[in-house]
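K.L.:
After the structure tokens below, expect a handful of questions from me.
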Amino acid sequence: MSQSGTLILIMSIAVLAPLLSYGIGRWLPVPLVIFEIVLGVLVGPDVLGWAGAGEVIDTLSNLGLAMLIFLAGYEIEFDKVRGDTLKRSVGAWLISLAVGLALGMLLTGASKGVYIGTALTSTALGTVLPVLRDAGDLRSRFGSVMMAMGAVGEFGPIIAMALLLSGRSPGKSTVLLAAFALLTAGAVLWAMRPRRPWFSNVIAKTLHSSGQFAVRLVVLLLALMLGASDALGLDTLLGAFAAGMITRLVLQGAAPESAGEVLAKIEAMGFGFLVPIFFVVTGIEFDLDALLSGGRALLLLPVFLLLFLLVRGLPVYALAPRDLLGRDRSALTLFASTALPLVVAITTIGVDDGVLKSEEAAALVGAAMVSVLVFPLVGLKLRRERVGSEGGGVVVRVSGPPGSRPRRAA
């Protein structure tokens, strides 16, 4: 199929997926990305053979991944993730990294172990945040802690990728990271500077016109940070995450009254176009044949799924803030163990470098897909049970005509 035909098929899946999610969600709240990935596998070369990879599609997919990481960086609320919560989040991830690398090297050897161990420490913050937002949990205390744990679980592996998977010496990688940190610090200082009134006026006046100054500025900031990370030989995801944090500082400081509406436009561009392409292409490029043709790869999938819980989940459970107890602590563990985007990125690097075999990468990505399907569902169930056990019921969203009110469940 031509690239244009493949793009039409991908966007058809992007339209179909939320309809399926809405229909099935009345009985089982399956994350939207699962439908996008599964349908991508279905039309991919290993099943129906209707779609395949190509330069244009791969470029759009990479932009989708960058936008997903950008939006995750934007969601970070620094006033809620600092202090003790941030210290616990960093500590939990460092333990995950040490355990992940040790187990990876023990099970697969030194070279493969670095890739697998790094992948096991990731948290799919960009995938989890929409789930928490839709459940009305994002602005709660639980959501704030999850945001901190997830931010470190997203940012930490990107740093580890730059240090351990770049093929450069650790010293050179450290110097390049320091240079990028200085550039980012300069951008943050610029973002925090007071803006003259004309700046917010231009944002407000062009918000509903063809000018769209704020949206264009956000895209420029993203492009600049992606370009800076690429010029330094670092993974562009590092630039995407930094761009998200910088953009939040710029908009919240210069035009707080318009920031929410600007974000809504960026989310529409991201979740309406680019991000679905990434998840559908992840399904299309998933090596289903490698996973199913050999018994070893299929056996590795549940092993990796368990390792996500052990390597990433247990340190989070142990170091979670003391005010999170019982089901909340267990739910946090499951959400933090959910992984996918960075697993795809790391395994792709591993296969391209000739270190990971296709079946090993397929098993690791397959386990990450299962984690996206299972862990958030169980985590949400635990959260509902915890809120319900406190008495007074829990507010649930019920589909109905515009203006209808939420219903309180017993």
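Following the order of the structure tokens, chains are lettered A, B, ..., residues in each are numbered from 1, and ligands are numbered from 1.
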If we count only C-alpha atoms and set the cut-off at 12 Å, which residues sit around Asp137 of chain A, ignoring sequence neighbours fewer than 2 positions away in its own chain? Please answer as a VMD selection string.

P.N.:
chain A and resid 128 to 135 139 to 147 328 331 to 332 379 to 380 383 to 384 387 394 to 396

K.L.:
Write out as a VMD selection string the residues lying within 9 Å of segment 297-299 of chain A, counting only C-alpha atoms and excluding same-chain residues fewer than 5 positions away.

P.N.:
chain A and resid 290 to 292 359 to 364

K.L.:
Hey, what does DSSP flag as helix (DSSP H, G or I) within segment 124-194 of chain A? Can you give it to me as a ChimeraX atom specification?

P.N.:
/A:125-134,141-164,170-192

K.L.:
Here is a test: counting only C-alpha atoms, which residue of A:His208, A:Lys80, A:Lys87, A:Arg248 is nearest to Val316 of chain A?

P.N.:
A:Lys87

K.L.:
Write out as an MDAnalysis selection string which residues come within 9 Å of Leu232 of chain A when counting only C-alpha atoms, dropping same-chain ones fewer than 4 positions away.

P.N.:
chainID A and resid 176:177 179:180 227:228

K.L.:
Can you pull out the residues contacting Leu28 of chain A? Cut-off 12 Å, using only C-alpha atoms, and skip same-chain residues under 3 positions away; I want them as a tab-separated table (two decimals) with all heavy atoms, in the first residue's frame.

P.N.:
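Heads up, here's the output in around19.tsv:
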```tsv
chain	number	residue	atom	x	y	z
A	20	LEU	N	-14.77	2.51	19.70
A	20	LEU	CA	-14.71	1.21	20.38
A	20	LEU	C	-14.48	1.41	21.87
A	20	LEU	O	-15.10	0.72	22.70
A	20	LEU	CB	-13.58	0.37	19.78
A	20	LEU	CG	-13.78	-0.11	18.34
A	20	LEU	CD1	-12.51	-0.80	17.84
A	20	LEU	CD2	-14.98	-1.04	18.23
A	21	SER	N	-13.60	2.34	22.22
A	21	SER	CA	-13.32	2.60	23.63
A	21	SER	C	-14.57	3.09	24.35
A	21	SER	O	-14.86	2.69	25.48
A	21	SER	CB	-12.20	3.63	23.76
A	21	SER	OG	-11.92	3.93	25.11
A	22	TYR	N	-15.34	3.96	23.67
A	22	TYR	CA	-16.57	4.48	24.27
A	22	TYR	C	-17.61	3.37	24.43
A	22	TYR	O	-18.26	3.25	25.47
A	22	TYR	CB	-17.14	5.60	23.39
A	22	TYR	CG	-18.49	6.09	23.84
A	22	TYR	CD1	-18.63	6.96	24.92
A	22	TYR	CD2	-19.65	5.68	23.19
A	22	TYR	CE1	-19.87	7.41	25.33
A	22	TYR	CE2	-20.91	6.13	23.59
A	22	TYR	CZ	-21.00	6.98	24.65
A	22	TYR	OH	-22.23	7.41	25.06
A	23	GLY	N	-17.75	2.54	23.39
A	23	GLY	CA	-18.75	1.48	23.43
A	23	GLY	C	-18.44	0.42	24.48
A	23	GLY	O	-19.29	0.05	25.29
A	24	ILE	N	-17.20	-0.06	24.48
A	24	ILE	CA	-16.81	-1.10	25.44
A	24	ILE	C	-16.62	-0.51	26.83
A	24	ILE	O	-16.79	-1.22	27.83
A	24	ILE	CB	-15.52	-1.79	24.94
A	24	ILE	CG1	-15.80	-2.51	23.62
A	24	ILE	CG2	-14.99	-2.78	25.98
A	24	ILE	CD1	-14.60	-3.18	23.00
A	25	GLY	N	-16.30	0.79	26.89
A	25	GLY	CA	-16.05	1.42	28.19
A	25	GLY	C	-17.24	1.42	29.12
A	25	GLY	O	-17.08	1.60	30.33
A	31	PRO	N	-8.12	1.23	28.15
A	31	PRO	CA	-7.43	2.44	27.66
A	31	PRO	C	-7.48	2.53	26.14
A	31	PRO	O	-7.36	1.53	25.43
A	31	PRO	CB	-5.99	2.24	28.16
A	31	PRO	CG	-6.13	1.35	29.36
A	31	PRO	CD	-7.27	0.44	29.05
A	32	LEU	N	-7.64	3.74	25.65
A	32	LEU	CA	-7.77	3.98	24.22
A	32	LEU	C	-6.59	3.43	23.42
A	32	LEU	O	-6.76	2.90	22.32
A	32	LEU	CB	-7.92	5.49	23.98
A	32	LEU	CG	-7.93	5.99	22.53
A	32	LEU	CD1	-9.14	5.42	21.80
A	32	LEU	CD2	-7.94	7.51	22.50
A	373	LEU	N	-2.69	-2.43	29.19
A	373	LEU	CA	-4.05	-2.95	29.24
A	373	LEU	C	-4.48	-3.31	30.65
A	373	LEU	O	-5.58	-2.96	31.09
A	373	LEU	CB	-4.17	-4.18	28.33
A	373	LEU	CG	-5.49	-4.95	28.41
A	373	LEU	CD1	-6.65	-4.07	27.97
A	373	LEU	CD2	-5.44	-6.22	27.56
A	374	VAL	N	-3.62	-3.99	31.40
A	374	VAL	CA	-4.01	-4.60	32.67
A	374	VAL	C	-3.80	-3.68	33.86
A	374	VAL	O	-4.70	-3.47	34.68
A	374	VAL	CB	-3.25	-5.92	32.89
A	374	VAL	CG1	-3.57	-6.50	34.27
A	374	VAL	CG2	-3.60	-6.92	31.80
A	376	PRO	N	-3.42	-0.28	34.50
A	376	PRO	CA	-4.32	0.84	34.81
A	376	PRO	C	-5.74	0.40	35.16
A	376	PRO	O	-6.39	1.02	36.01
A	376	PRO	CB	-4.31	1.67	33.51
A	376	PRO	CG	-3.04	1.30	32.83
A	376	PRO	CD	-2.82	-0.14	33.16
A	377	LEU	N	-6.24	-0.67	34.51
A	377	LEU	CA	-7.58	-1.17	34.83
A	377	LEU	C	-7.66	-1.61	36.29
A	377	LEU	O	-8.60	-1.25	37.01
A	377	LEU	CB	-7.94	-2.33	33.92
A	377	LEU	CG	-8.25	-2.00	32.45
A	377	LEU	CD1	-8.56	-3.28	31.69
A	377	LEU	CD2	-9.40	-1.03	32.35
A	378	VAL	N	-6.68	-2.38	36.72
A	378	VAL	CA	-6.68	-2.86	38.10
A	378	VAL	C	-6.45	-1.70	39.06
A	378	VAL	O	-7.08	-1.61	40.13
A	378	VAL	CB	-5.61	-3.95	38.30
A	378	VAL	CG1	-5.60	-4.43	39.75
A	378	VAL	CG2	-5.84	-5.12	37.36
A	380	LEU	N	-7.32	1.48	38.64
A	380	LEU	CA	-8.56	2.25	38.76
A	380	LEU	C	-9.57	1.53	39.64
A	380	LEU	O	-10.29	2.16	40.42
A	380	LEU	CB	-9.15	2.49	37.37
A	380	LEU	CG	-8.45	3.54	36.49
A	380	LEU	CD1	-9.09	3.59	35.12
A	380	LEU	CD2	-8.48	4.92	37.14
A	381	LYS	N	-9.63	0.21	39.51
A	381	LYS	CA	-10.56	-0.58	40.34
A	381	LYS	C	-10.20	-0.44	41.82
A	381	LYS	O	-11.08	-0.26	42.68
A	381	LYS	CB	-10.53	-2.04	39.92
A	381	LYS	CG	-11.57	-2.92	40.61
A	381	LYS	CD	-11.55	-4.32	40.03
A	381	LYS	CE	-12.69	-5.17	40.60
A	381	LYS	NZ	-12.62	-5.35	42.04
```

K.L.:
What does the structure give for the distance between atom CA of Gly366 of chain A and atom CA of Leu48 of chain A, in Å to one decimal?

P.N.:
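According to the coordinates, atom CA of Gly366 of chain A and atom CA of Leu48 of chain A are separated by 18.9 Å.
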
K.L.:
Near Ala14 of chain A, counting only C-alpha atoms, which residues have an atom at most 6 Å away, once you skip same-chain residues fewer than 3 positions from it, shown as a list of chain:residue names?

P.N.:
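Near Ala14 of chain A, the qualifying residues are A:Met11, A:Ala17, A:Pro276.
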
K.L.:
Using the selection just defined, write its residues with N, CA, C and O atoms as a JSON list (two decimals), in the first residue's frame.

P.N.:
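Full text of result_2.json as output:
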```
[["chain", "number", "residue", "atom", "x", "y", "z"],
["A", 11, "MET", "N", -5.42, 6.86, 10.04],
["A", 11, "MET", "CA", -6.36, 7.85, 10.57],
["A", 11, "MET", "C", -7.76, 7.24, 10.69],
["A", 11, "MET", "O", -8.54, 7.67, 11.57],
["A", 17, "ALA", "N", -10.96, 3.86, 16.94],
["A", 17, "ALA", "CA", -10.52, 3.47, 18.29],
["A", 17, "ALA", "C", -11.34, 4.13, 19.40],
["A", 17, "ALA", "O", -11.79, 3.45, 20.32],
["A", 276, "PRO", "N", -1.99, 9.39, 18.11],
["A", 276, "PRO", "CA", -2.58, 8.14, 17.58],
["A", 276, "PRO", "C", -1.73, 7.49, 16.50],
["A", 276, "PRO", "O", -1.67, 6.26, 16.42]]
```

K.L.:
Kindly give the distance, in Å, that separates atom CA of Ile266 of chain A and atom CA of Leu189 of chain A, rounded to a single decimal.

P.N.:
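Separation between atom CA of Ile266 of chain A and atom CA of Leu189 of chain A: 23.0 Å.
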
K.L.:
Kindly give the distance, in Å, that separates atom CA of Ile8 of chain A and atom CA of Leu274 of chain A, rounded to a single decimal.

P.N.:
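Computing the Euclidean distance for atom CA of Ile8 of chain A and atom CA of Leu274 of chain A yields 13.3 Å.
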
K.L.:
Which residues are close to segment 255-265 of chain A, i.e. within 12 Å by only C-alpha atoms, leaving aside same-chain residues fewer than 4 positions away? Reply as a count of residues only.

P.N.:
41

K.L.:
Just the residues within 12 Å of Ser229 of chain A, please, counting only C-alpha atoms, with nothing from its chain fewer than 3 positions along; format it as JSON, numbers by chain.

P.N.:
{"A": [158, 159, 162, 176, 177, 178, 179, 180, 181, 182, 183, 184, 222, 223, 224, 225, 226, 232, 233, 234, 235, 236, 237, 238, 239, 240, 241, 242, 243]}

K.L.:
Could those selected residues go to a file with N, CA and C atoms, as a short mmCIF file (atom, residue, chain, number, x, y, z; two decimals), in the first residue's frame?

P.N.:
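Output below, filename selection-v7.cif:
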```cif
data_model
loop_
_atom_site.label_atom_id
_atom_site.label_comp_id
_atom_site.auth_asym_id
_atom_site.auth_seq_id
_atom_site.Cartn_x
_atom_site.Cartn_y
_atom_site.Cartn_z
N ILE A 158 15.27 8.41 30.05
CA ILE A 158 15.80 9.20 28.93
C ILE A 158 17.25 9.60 29.22
N ILE A 159 17.52 10.00 30.46
CA ILE A 159 18.89 10.33 30.85
C ILE A 159 19.76 9.07 30.77
N ALA A 162 20.79 8.30 27.30
CA ALA A 162 21.87 9.16 26.82
C ALA A 162 23.22 8.72 27.37
N LEU A 176 28.04 16.18 27.32
CA LEU A 176 26.96 16.59 26.42
C LEU A 176 25.66 16.82 27.21
N LEU A 177 25.39 15.96 28.20
CA LEU A 177 24.20 16.17 29.03
C LEU A 177 24.30 17.46 29.83
N ALA A 178 25.52 17.75 30.33
CA ALA A 178 25.72 19.00 31.06
C ALA A 178 25.48 20.20 30.16
N ALA A 179 25.94 20.10 28.90
CA ALA A 179 25.71 21.19 27.95
C ALA A 179 24.22 21.37 27.68
N PHE A 180 23.50 20.27 27.53
CA PHE A 180 22.06 20.37 27.32
C PHE A 180 21.37 20.93 28.56
N ALA A 181 21.85 20.53 29.74
CA ALA A 181 21.27 21.05 30.99
C ALA A 181 21.45 22.56 31.08
N LEU A 182 22.62 23.06 30.65
CA LEU A 182 22.85 24.50 30.66
C LEU A 182 21.91 25.22 29.69
N LEU A 183 21.74 24.64 28.49
CA LEU A 183 20.81 25.22 27.53
C LEU A 183 19.39 25.25 28.09
N THR A 184 19.00 24.15 28.73
CA THR A 184 17.66 24.07 29.31
C THR A 184 17.49 25.07 30.45
N LEU A 222 9.16 23.58 20.91
CA LEU A 222 9.38 22.14 20.77
C LEU A 222 10.45 21.86 19.72
N ALA A 223 10.36 22.54 18.58
CA ALA A 223 11.35 22.33 17.52
C ALA A 223 12.75 22.72 17.97
N LEU A 224 12.86 23.83 18.71
CA LEU A 224 14.17 24.28 19.19
C LEU A 224 14.79 23.27 20.15
N MET A 225 13.99 22.74 21.08
CA MET A 225 14.54 21.79 22.05
C MET A 225 14.86 20.45 21.39
N LEU A 226 14.02 20.03 20.42
CA LEU A 226 14.34 18.82 19.68
C LEU A 226 15.63 19.01 18.89
N LEU A 232 23.35 17.90 19.88
CA LEU A 232 24.29 17.39 20.88
C LEU A 232 24.41 15.88 20.85
N GLY A 233 23.70 15.23 19.92
CA GLY A 233 23.77 13.77 19.83
C GLY A 233 23.00 13.05 20.92
N LEU A 234 22.01 13.73 21.53
CA LEU A 234 21.19 13.14 22.58
C LEU A 234 19.85 12.71 21.99
N ASP A 235 19.16 11.85 22.71
CA ASP A 235 17.84 11.42 22.24
C ASP A 235 16.89 12.61 22.22
N THR A 236 16.15 12.76 21.14
CA THR A 236 15.25 13.90 21.00
C THR A 236 14.14 13.90 22.04
N LEU A 237 13.86 12.74 22.65
CA LEU A 237 12.83 12.69 23.68
C LEU A 237 13.21 13.55 24.88
N LEU A 238 14.51 13.68 25.11
CA LEU A 238 14.98 14.56 26.19
C LEU A 238 14.58 16.00 25.90
N GLY A 239 14.75 16.40 24.64
CA GLY A 239 14.34 17.74 24.25
C GLY A 239 12.84 17.94 24.32
N ALA A 240 12.08 16.90 23.96
CA ALA A 240 10.62 17.00 24.00
C ALA A 240 10.13 17.20 25.42
N PHE A 241 10.68 16.44 26.36
CA PHE A 241 10.27 16.55 27.76
C PHE A 241 10.61 17.93 28.31
N ALA A 242 11.83 18.40 28.02
CA ALA A 242 12.24 19.72 28.49
C ALA A 242 11.37 20.81 27.88
N ALA A 243 11.01 20.65 26.59
CA ALA A 243 10.16 21.64 25.93
C ALA A 243 8.80 21.74 26.61
#
```

K.L.:
Just checking: using only C-alpha atoms, which residue out of A:Ile346, A:Ile69, A:Ile57, A:Ala367 ends up closest to Thr127 of chain A?

P.N.:
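Closest residue, counting only C-alpha atoms: A:Ile69.
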
K.L.:
Taking only C-alpha atoms into account, which of A:Arg88, A:Lys357, A:Arg312, A:Lys172 comes nearest Ala339 of chain A?

P.N.:
A:Arg312

K.L.:
I'd like to know which of A:Ile95, A:Leu164, A:Leu306, A:Leu382 is closest to Lys112 of chain A, using only C-alpha atoms.

P.N.:
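Between A:Ile95, A:Leu164, A:Leu306, A:Leu382, the residue approaching Lys112 of chain A most closely is A:Leu164.
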